[in-house]
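Worksheet for the structure shown next.
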Amino acid sequence: PSQQLNVTGEGVTALPFKKGKAVRAFIVGNGKSLNITNLNLIKEPSFGVNGIAGMYDKTDWRPTHYVRAEEASTGADPTVYRRDMEIHRDLGCEIWANEFFLTDGVKDSGHYRQIRSCAHYAMHFDNKDAPHTYHLPRLCTFGSSVNVAIQIALGILNFDKVYLVGCDLGYKDGEVNHFSEDYTKGVGEMRNARMNELDILAAHMICARTFPNRIFNATIGGNLEVYERVDFERLF
């Protein structure tokens with residue numbers, strides 16, 4: 001039977017997946033730098049987010065965990081989200097997602113962990129009610145799915161440290177901001193690039209304060225300077 005975990009505070013310590021068995025994990029974003037990153041080097045626990053399945057024709061790497069913290073947006077094609085969920089279900093990934101775009105086959109797979117709706121999801125960094133700290137063990141969806149993956153990896157699954165890959169930032173309206181020019185097809189209305197970038201940066205600062213000295217940026221290039229930089233290929 002499905003072992004869904006509603007991350008609201010109760011039940012978190014009973015998580016039935018690989019808790020604390022690995023020292024480090026990798027969190028792979030969707031930035032353009034993925035096209036020059038040898039993801040095949042990653043043989044350890046790793047998190048893919050959002051539309052990462054679009055990279056699978058370019059690499060043999062597959063994540064062990066999949067995070068999609070997005071909620072329904074105007075004009076979204078639900079089949080895009082459902083396809084991504086089903087791909088990661090079939091890979092045997094532990095899937096962390098809200099329930100907006102799920103099919104019964106994912107919900108009942110035994111690998112699904114529900115991310116509850118969060119009041120901070122649609123807020124911008126300059127909103128007086130925007131978060132400055134996290135409310136773990138309930139996940140905060142302010143920022144991006146990468147920020148949620150960091151909370152899961154360090155705050156719930158208890159990895160010692162995480163390395164970010166493909167977290168480029170540098171968003172610009174009307175330009176390709178991800179590893180593929182087709183990345184945004186079907187995902188609905190996109191936020192203003194500048195506000196999106198500032199929101200995500202604010203969320204990364206919360207991550208850095210919450211988990212000091214446990215997050216490292218192994219992205220090749222990019223604009224994310226909140227964390228200490230490390231050379232991706234020298235990690236192996």
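In the structure tokens, chains take the letters A, B, ... in the order shown, each chain's residues start at 1, and ligands count up from 1 in the order shown.
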* Skip Tyr66 in chain A itself and residues of its chain fewer than 3 positions away, then list as a list in words all residues within 8 Å of it, counting only C-alpha atoms. =>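 Those residues are Phe47, Gly48, Val49, Asn50, Pro63, His88, Cys93, Glu94, Ile95 and Trp96 of chain A.
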* To do: Fewer than 3 positions away in the same chain doesn't count, so skip those; otherwise give me all residues within 10 Å of range 197-212 of chain A, counting only C-alpha atoms, as a VMD selection string.
  => chain A and resid 122 to 126 130 to 134 140 to 148 150 to 151 154 to 155 160 to 161 169 to 172 191 to 194 215 to 216 223 to 227
* Using only C-alpha atoms, determine which residues lie at most 12 Å from Asn38 in chain A, disregarding the query and same-chain residues fewer than 4 positions distant; provide the list as a ChimeraX atom specification. => /A:28,33-34,42-43,55,58-61,165-166,218-220,232-236
With N, CA and C atoms retained, could you export that selection as an mmCIF file, in the first residue's frame?
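again_35.cif, written as the output of this step:
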```cif
data_model
loop_
_atom_site.group_PDB
_atom_site.id
_atom_site.type_symbol
_atom_site.label_atom_id
_atom_site.label_comp_id
_atom_site.auth_asym_id
_atom_site.auth_seq_id
_atom_site.Cartn_x
_atom_site.Cartn_y
_atom_site.Cartn_z
ATOM 1 N N VAL A 28 20.050 18.647 -8.445
ATOM 2 C CA VAL A 28 20.278 19.047 -9.828
ATOM 3 C C VAL A 28 19.131 19.940 -10.290
ATOM 4 N N SER A 33 23.701 25.346 -17.697
ATOM 5 C CA SER A 33 25.010 24.726 -17.461
ATOM 6 C C SER A 33 24.950 23.205 -17.460
ATOM 7 N N LEU A 34 23.750 22.625 -17.329
ATOM 8 C CA LEU A 34 23.652 21.163 -17.380
ATOM 9 C C LEU A 34 24.175 20.624 -18.704
ATOM 10 N N ILE A 42 27.710 11.384 -11.185
ATOM 11 C CA ILE A 42 26.932 11.261 -9.950
ATOM 12 C C ILE A 42 26.432 9.833 -9.785
ATOM 13 N N LYS A 43 26.971 9.141 -8.787
ATOM 14 C CA LYS A 43 26.573 7.758 -8.498
ATOM 15 C C LYS A 43 25.976 7.654 -7.091
ATOM 16 N N MET A 55 16.347 16.177 -19.750
ATOM 17 C CA MET A 55 17.785 15.946 -19.888
ATOM 18 C C MET A 55 18.127 14.481 -20.122
ATOM 19 N N LYS A 58 20.246 13.003 -22.851
ATOM 20 C CA LYS A 58 21.613 13.491 -22.957
ATOM 21 C C LYS A 58 22.541 12.888 -21.906
ATOM 22 N N THR A 59 22.005 12.088 -21.002
ATOM 23 C CA THR A 59 22.806 11.551 -19.908
ATOM 24 C C THR A 59 22.243 10.213 -19.442
ATOM 25 N N ASP A 60 23.106 9.374 -18.884
ATOM 26 C CA ASP A 60 22.661 8.122 -18.278
ATOM 27 C C ASP A 60 22.281 8.309 -16.816
ATOM 28 N N TRP A 61 22.647 9.458 -16.252
ATOM 29 C CA TRP A 61 22.314 9.727 -14.843
ATOM 30 C C TRP A 61 20.808 9.794 -14.652
ATOM 31 N N VAL A 165 23.861 21.576 -8.436
ATOM 32 C CA VAL A 165 24.359 21.458 -9.807
ATOM 33 C C VAL A 165 23.285 22.020 -10.735
ATOM 34 N N GLY A 166 23.693 22.761 -11.747
ATOM 35 C CA GLY A 166 22.720 23.284 -12.693
ATOM 36 C C GLY A 166 21.799 24.336 -12.113
ATOM 37 N N ALA A 218 28.105 23.574 -6.769
ATOM 38 C CA ALA A 218 28.981 22.926 -7.744
ATOM 39 C C ALA A 218 28.550 23.224 -9.174
ATOM 40 N N THR A 219 27.677 24.215 -9.350
ATOM 41 C CA THR A 219 27.242 24.620 -10.685
ATOM 42 C C THR A 219 28.422 25.170 -11.481
ATOM 43 N N ILE A 220 28.477 24.835 -12.758
ATOM 44 C CA ILE A 220 29.501 25.394 -13.634
ATOM 45 C C ILE A 220 29.029 26.769 -14.091
ATOM 46 N N PHE A 232 32.863 20.934 -9.550
ATOM 47 C CA PHE A 232 32.029 19.739 -9.663
ATOM 48 C C PHE A 232 32.862 18.477 -9.895
ATOM 49 N N GLU A 233 33.738 18.493 -10.870
ATOM 50 C CA GLU A 233 34.445 17.267 -11.237
ATOM 51 C C GLU A 233 35.456 16.840 -10.185
ATOM 52 N N ARG A 234 35.911 17.755 -9.343
ATOM 53 C CA ARG A 234 36.843 17.399 -8.276
ATOM 54 C C ARG A 234 36.170 16.747 -7.078
ATOM 55 N N LEU A 235 34.854 16.645 -7.130
ATOM 56 C CA LEU A 235 34.117 15.998 -6.045
ATOM 57 C C LEU A 235 34.149 14.473 -6.172
ATOM 58 N N PHE A 236 34.694 13.964 -7.262
ATOM 59 C CA PHE A 236 34.615 12.526 -7.528
ATOM 60 C C PHE A 236 36.007 11.910 -7.625
#
```
Residues flagged strand (DSSP E) by DSSP in range 7-224 of chain A, as a compact mmCIF listing (two decimals) with N, CA and C atoms, in the first residue's frame:
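Okay, result.txt is ready:
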```
# COMPACT_ATOMS: atom_id res chain seq x y z
N ARG A 24 26.45 12.61 1.69
CA ARG A 24 26.14 13.76 0.85
C ARG A 24 25.14 13.38 -0.23
N ALA A 25 24.52 14.43 -0.78
CA ALA A 25 23.59 14.23 -1.89
C ALA A 25 23.77 15.39 -2.87
N PHE A 26 23.31 15.18 -4.09
CA PHE A 26 23.39 16.20 -5.12
C PHE A 26 21.97 16.66 -5.48
N ILE A 27 21.81 17.96 -5.65
CA ILE A 27 20.52 18.52 -6.09
C ILE A 27 20.74 19.16 -7.45
N VAL A 28 20.05 18.65 -8.45
CA VAL A 28 20.28 19.05 -9.83
C VAL A 28 19.13 19.94 -10.29
N SER A 46 20.66 11.56 -5.26
CA SER A 46 20.54 12.84 -5.95
C SER A 46 19.07 13.18 -6.15
N PHE A 47 18.82 14.48 -6.26
CA PHE A 47 17.48 15.00 -6.43
C PHE A 47 17.38 15.68 -7.79
N GLY A 48 16.38 15.31 -8.58
CA GLY A 48 16.04 16.03 -9.78
C GLY A 48 14.78 16.83 -9.51
N VAL A 49 14.60 17.95 -10.20
CA VAL A 49 13.44 18.79 -9.95
C VAL A 49 12.74 19.15 -11.26
N HIS A 65 15.67 10.76 -6.12
CA HIS A 65 14.54 11.51 -5.58
C HIS A 65 14.10 12.54 -6.62
N TYR A 66 12.80 12.80 -6.66
CA TYR A 66 12.26 13.79 -7.59
C TYR A 66 11.36 14.75 -6.82
N VAL A 67 11.57 16.06 -7.03
CA VAL A 67 10.82 17.07 -6.30
C VAL A 67 10.13 18.01 -7.29
N ARG A 68 8.83 18.16 -7.12
CA ARG A 68 8.07 19.14 -7.93
C ARG A 68 7.16 19.90 -6.98
N GLU A 94 11.84 8.32 -5.24
CA GLU A 94 10.97 8.85 -4.20
C GLU A 94 10.47 10.20 -4.71
N ILE A 95 9.16 10.36 -4.85
CA ILE A 95 8.57 11.55 -5.46
C ILE A 95 7.97 12.44 -4.38
N TRP A 96 8.44 13.68 -4.32
CA TRP A 96 7.87 14.69 -3.43
C TRP A 96 7.17 15.73 -4.29
N ALA A 97 5.85 15.86 -4.13
CA ALA A 97 5.10 16.77 -4.98
C ALA A 97 3.77 17.11 -4.33
N TYR A 112 5.37 8.02 -3.14
CA TYR A 112 4.89 9.41 -3.21
C TYR A 112 4.84 10.04 -1.82
N ARG A 113 5.39 11.25 -1.71
CA ARG A 113 5.35 12.05 -0.49
C ARG A 113 4.69 13.38 -0.81
N GLN A 114 3.59 13.68 -0.18
CA GLN A 114 2.83 14.87 -0.52
C GLN A 114 3.44 16.13 0.10
N LYS A 161 25.42 16.98 3.89
CA LYS A 161 25.65 18.14 3.03
C LYS A 161 25.05 17.88 1.66
N VAL A 162 24.81 18.95 0.93
CA VAL A 162 24.33 18.83 -0.44
C VAL A 162 25.17 19.70 -1.36
N TYR A 163 25.24 19.26 -2.61
CA TYR A 163 25.93 20.01 -3.66
C TYR A 163 24.91 20.36 -4.74
N LEU A 164 24.84 21.64 -5.06
CA LEU A 164 23.91 22.10 -6.08
C LEU A 164 24.58 22.07 -7.45
N VAL A 165 23.86 21.58 -8.44
CA VAL A 165 24.36 21.46 -9.81
C VAL A 165 23.28 22.02 -10.73
N ILE A 215 25.63 23.45 2.51
CA ILE A 215 25.21 23.59 1.12
C ILE A 215 26.37 24.18 0.32
N PHE A 216 26.70 23.52 -0.79
CA PHE A 216 27.81 23.97 -1.63
C PHE A 216 27.33 24.07 -3.08
N ASN A 217 27.85 25.06 -3.78
CA ASN A 217 27.42 25.26 -5.17
C ASN A 217 28.46 24.69 -6.12
```
* Within range 6-222 of chain A, find each residue whose DSSP state, derived from the backbone, is alpha helix (DSSP H), and express the selection as a PyMOL selection string. => chain A and resi 78-90+104-107+145-150+193-210
Residues from last step as file, N, CA and C atoms, as a compact mmCIF listing (two decimals), in the first residue's frame:
```txt
# COMPACT_ATOMS: atom_id res chain seq x y z
N PRO A 78 -1.80 20.01 -17.76
CA PRO A 78 -1.57 19.00 -16.72
C PRO A 78 -0.89 17.74 -17.23
N THR A 79 -1.00 17.46 -18.54
CA THR A 79 -0.37 16.24 -19.05
C THR A 79 1.15 16.34 -18.98
N VAL A 80 1.70 17.57 -19.05
CA VAL A 80 3.15 17.75 -18.95
C VAL A 80 3.62 17.31 -17.57
N TYR A 81 2.92 17.77 -16.53
CA TYR A 81 3.29 17.44 -15.17
C TYR A 81 3.07 15.95 -14.89
N ARG A 82 1.96 15.42 -15.37
CA ARG A 82 1.67 14.01 -15.12
C ARG A 82 2.70 13.11 -15.78
N ARG A 83 3.13 13.49 -16.99
CA ARG A 83 4.15 12.69 -17.67
C ARG A 83 5.45 12.66 -16.86
N ASP A 84 5.85 13.81 -16.33
CA ASP A 84 7.07 13.86 -15.53
C ASP A 84 6.93 13.01 -14.27
N MET A 85 5.78 13.06 -13.64
CA MET A 85 5.55 12.25 -12.45
C MET A 85 5.65 10.76 -12.78
N GLU A 86 5.04 10.37 -13.89
CA GLU A 86 5.00 8.95 -14.24
C GLU A 86 6.38 8.45 -14.66
N ILE A 87 7.17 9.31 -15.31
CA ILE A 87 8.55 8.93 -15.65
C ILE A 87 9.33 8.60 -14.38
N HIS A 88 9.18 9.43 -13.37
CA HIS A 88 9.97 9.22 -12.14
C HIS A 88 9.39 8.11 -11.27
N ARG A 89 8.09 7.90 -11.37
CA ARG A 89 7.52 6.71 -10.73
C ARG A 89 8.12 5.45 -11.32
N ASP A 90 8.20 5.39 -12.65
CA ASP A 90 8.73 4.20 -13.33
C ASP A 90 10.22 4.01 -13.05
N ASP A 104 -3.50 8.53 -10.17
CA ASP A 104 -3.61 7.51 -9.13
C ASP A 104 -2.41 6.57 -9.14
N GLY A 105 -1.86 6.32 -10.32
CA GLY A 105 -0.72 5.41 -10.41
C GLY A 105 0.50 5.92 -9.67
N VAL A 106 0.63 7.24 -9.57
CA VAL A 106 1.73 7.82 -8.81
C VAL A 106 1.39 7.83 -7.33
N LYS A 107 0.19 8.27 -7.00
CA LYS A 107 -0.22 8.33 -5.60
C LYS A 107 -0.15 6.98 -4.91
N SER A 145 11.64 24.80 -6.54
CA SER A 145 11.69 23.39 -6.14
C SER A 145 13.07 23.00 -5.62
N VAL A 146 14.13 23.69 -6.09
CA VAL A 146 15.47 23.43 -5.56
C VAL A 146 15.52 23.76 -4.07
N ASN A 147 14.91 24.89 -3.69
CA ASN A 147 14.89 25.27 -2.28
C ASN A 147 14.13 24.25 -1.44
N VAL A 148 13.06 23.69 -2.00
CA VAL A 148 12.31 22.65 -1.29
C VAL A 148 13.15 21.38 -1.19
N ALA A 149 13.85 21.03 -2.26
CA ALA A 149 14.71 19.84 -2.24
C ALA A 149 15.79 19.98 -1.17
N ILE A 150 16.32 21.18 -0.98
CA ILE A 150 17.32 21.40 0.07
C ILE A 150 16.71 21.11 1.44
N ALA A 193 10.83 37.48 -14.87
CA ALA A 193 12.15 36.91 -14.64
C ALA A 193 12.89 37.58 -13.48
N ARG A 194 12.83 38.90 -13.42
CA ARG A 194 13.55 39.61 -12.36
C ARG A 194 12.99 39.26 -10.98
N MET A 195 11.65 39.28 -10.85
CA MET A 195 11.04 38.96 -9.56
C MET A 195 11.31 37.50 -9.20
N ASN A 196 11.25 36.62 -10.19
CA ASN A 196 11.51 35.20 -9.94
C ASN A 196 12.93 35.00 -9.41
N GLU A 197 13.89 35.69 -10.02
CA GLU A 197 15.27 35.57 -9.58
C GLU A 197 15.46 36.08 -8.15
N LEU A 198 14.86 37.23 -7.84
CA LEU A 198 15.00 37.80 -6.51
C LEU A 198 14.31 36.93 -5.46
N ASP A 199 13.16 36.36 -5.81
CA ASP A 199 12.48 35.45 -4.89
C ASP A 199 13.35 34.23 -4.58
N ILE A 200 13.94 33.66 -5.63
CA ILE A 200 14.76 32.47 -5.45
C ILE A 200 16.02 32.80 -4.66
N LEU A 201 16.62 33.94 -4.92
CA LEU A 201 17.79 34.35 -4.14
C LEU A 201 17.44 34.51 -2.67
N ALA A 202 16.28 35.12 -2.40
CA ALA A 202 15.84 35.27 -1.01
C ALA A 202 15.66 33.91 -0.35
N ALA A 203 15.11 32.95 -1.09
CA ALA A 203 14.93 31.60 -0.55
C ALA A 203 16.27 30.92 -0.29
N HIS A 204 17.24 31.14 -1.18
CA HIS A 204 18.56 30.56 -0.96
C HIS A 204 19.22 31.16 0.30
N MET A 205 18.96 32.41 0.57
CA MET A 205 19.51 33.01 1.79
C MET A 205 18.90 32.39 3.04
N ILE A 206 17.61 32.06 2.97
CA ILE A 206 16.99 31.34 4.09
C ILE A 206 17.65 29.96 4.25
N CYS A 207 17.88 29.28 3.12
CA CYS A 207 18.55 27.97 3.17
C CYS A 207 19.93 28.10 3.83
N ALA A 208 20.68 29.11 3.43
CA ALA A 208 22.03 29.28 3.96
C ALA A 208 22.01 29.55 5.46
N ARG A 209 21.03 30.33 5.93
CA ARG A 209 20.93 30.59 7.36
C ARG A 209 20.47 29.37 8.13
N THR A 210 19.58 28.59 7.52
CA THR A 210 18.99 27.43 8.20
C THR A 210 19.98 26.27 8.28
```
* To do: Tell me, in Å to one decimal, how far CA of Ala69 in chain A is from CA of Asn98 in chain A.
  =>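 Those two atoms sit 6.2 Å apart.
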* Distance in Å - CA of Asn35 in chain A versus CA of Phe179 in chain A -> 6.3 Å
* Expressed in Å to a single decimal, how great is the separation between CA of Asp77 in chain A and CA of Glu99 in chain A? ->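 These two atoms are separated by 14.7 Å.
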* Pick from A:Ala119, A:Arg229, A:Ile52, A:Glu70: nearest to Phe100 in chain A, with only C-alpha atoms counted? -> A:Glu70
